[in-house]
Amino acid sequence: MPYIPLEEHLPGITGLLEYRKDSAAPIRELTQILLRGPSSLTEGERELIATIVSSRNQCKFCTAAHTAAANVLLGEGDTSEKVKQNISTAPVSSKMKALLTIAAQVQESGKSVTEASVQKAKEEGATDLEIHDTVLIAALFCLYNRYVDGLATVTPTGAEFYNNLGNRLKQHGYNRLAQGYDHLKNQTVK
């Protein structure tokens, strides 16, 4: 049960963003820029960064949501599961392994990022912008994970909810739906 009154049909961060739309606007804008804006990293790769951070922070809602988004964008579900299990053996490029390692270090602490890990990412072909965005996405998801868990938002357990959310994130990104979310009131959150 959430610690503050939130719309029951809007689990996770969506309920929080609807609760306070003025603070939600810049959060949504920054997330849209980083995860859906122009980048040499694919949208799926950027969702993997969100997934690894959320998984390591043990935020069930964000882990499930961004795993689903990564799966939809990648067209399969094996990669995200293997990334969460072991970055070094996951079926991603050497560059992505290096960037995901940096993201995991950010999740521990910004000071856990080492010059050696940044150098390794550069050696594997990562640009300064990709390294920058990886650190920023990882830091941002640490904030989101703590936001969602710190207010004990509703966390659905059903795969169907997250599959629908993953598809919505692919289609609409992180922008607020123009029609809002009242249409979700008729859906059962499981």
# chains A, B, ... in the order shown; residues from 1 in each chain; ligands from 1
>>> residues_around(residues="range 119-121 of chain A", least_positions_apart="4", cutoff="9 Å", atoms="only C-alpha atoms", output="count of residues only")
14
>>> closest_atom_pairs(of="range 65-85 of chain A", to="range 158-166 of chain A", cutoff="12 Å", atoms="only C-alpha atoms", output="tab-separated table")
residue	atom	partner	partner_atom	distance
A:Ala65	CA	A:Tyr162	CA	5.5
A:His66	CA	A:Gly166	CA	7.1
A:Thr67	CA	A:Gly166	CA	8.0
A:Ala68	CA	A:Gly166	CA	4.8
A:Ala69	CA	A:Gly166	CA	3.9
A:Ala70	CA	A:Gly166	CA	7.6
A:Asn71	CA	A:Gly166	CA	7.8
A:Val72	CA	A:Gly166	CA	6.2
A:Leu73	CA	A:Gly166	CA	8.4
A:Leu74	CA	A:Gly166	CA	11.2
A:Gly75	CA	A:Gly166	CA	11.3
A:Glu76	CA	A:Asn163	CA	12.0
A:Gly77	CA	A:Asn163	CA	11.1
>>> select_by_dssp(residues="chain A", states="alpha helix (DSSP H)", output="PyMOL selection string")
chain A and resi 12-19+21-36+43-56+60-74+78-85+94-108+115-123+128-150+159-172
>>> closest_residue(among="A:Thr31, A:Glu7, A:Lys21, A:Asn57", to="Asp149 in chain A", atoms="only C-alpha atoms")
A:Asn57
>>> decode(residues="range 121-175 of chain A", atoms="C-alpha atoms", output="CSV table (one decimal), in the first residue's frame")
chain,number,residue,atom,x,y,z
A,121,ALA,CA,34.8,1.7,-22.6
A,122,LYS,CA,36.8,4.1,-24.8
A,123,GLU,CA,39.0,1.2,-26.0
A,124,GLU,CA,35.8,-0.7,-26.9
A,125,GLY,CA,34.6,2.2,-29.1
A,126,ALA,CA,32.4,4.2,-26.7
A,127,THR,CA,32.3,7.9,-27.3
A,128,ASP,CA,32.5,10.5,-24.6
A,129,LEU,CA,28.8,11.3,-25.1
A,130,GLU,CA,27.9,7.6,-24.7
A,131,ILE,CA,29.9,7.5,-21.5
A,132,HIS,CA,28.3,10.7,-20.3
A,133,ASP,CA,24.8,9.5,-21.1
A,134,THR,CA,25.4,6.1,-19.5
A,135,VAL,CA,26.4,7.7,-16.2
A,136,LEU,CA,23.4,10.1,-16.4
A,137,ILE,CA,20.9,7.4,-17.2
A,138,ALA,CA,22.3,5.2,-14.4
A,139,ALA,CA,22.1,8.1,-11.9
A,140,LEU,CA,18.6,9.0,-13.0
A,141,PHE,CA,17.4,5.5,-12.5
A,142,CYS,CA,18.9,5.4,-9.0
A,143,LEU,CA,16.6,8.4,-8.3
A,144,TYR,CA,13.6,6.7,-9.9
A,145,ASN,CA,14.2,3.5,-8.1
A,146,ARG,CA,14.3,5.3,-4.7
A,147,TYR,CA,11.3,7.5,-5.7
A,148,VAL,CA,9.2,4.4,-6.5
A,149,ASP,CA,10.3,2.3,-3.5
A,150,GLY,CA,10.5,5.2,-1.1
A,151,LEU,CA,6.8,5.9,-1.4
A,152,ALA,CA,5.9,2.2,-1.6
A,153,THR,CA,4.0,2.4,-4.9
A,154,VAL,CA,1.9,-0.4,-6.2
A,155,THR,CA,4.0,-3.1,-8.0
A,156,PRO,CA,2.0,-5.4,-10.2
A,157,THR,CA,3.2,-9.0,-10.5
A,158,GLY,CA,1.5,-10.0,-13.7
A,159,ALA,CA,3.6,-10.2,-16.9
A,160,GLU,CA,0.7,-8.9,-19.0
A,161,PHE,CA,0.9,-5.5,-17.2
A,162,TYR,CA,4.6,-5.1,-17.9
A,163,ASN,CA,4.3,-6.3,-21.5
A,164,ASN,CA,1.6,-3.7,-22.1
A,165,LEU,CA,3.8,-1.1,-20.4
A,166,GLY,CA,6.8,-2.1,-22.5
A,167,ASN,CA,4.7,-1.6,-25.7
A,168,ARG,CA,3.4,1.7,-24.5
A,169,LEU,CA,7.0,2.9,-23.8
A,170,LYS,CA,8.0,1.8,-27.2
A,171,GLN,CA,5.1,3.6,-28.9
A,172,HIS,CA,4.9,6.8,-26.8
A,173,GLY,CA,8.3,7.0,-25.0
A,174,TYR,CA,8.3,8.8,-21.7
A,175,ASN,CA,6.0,11.6,-22.6
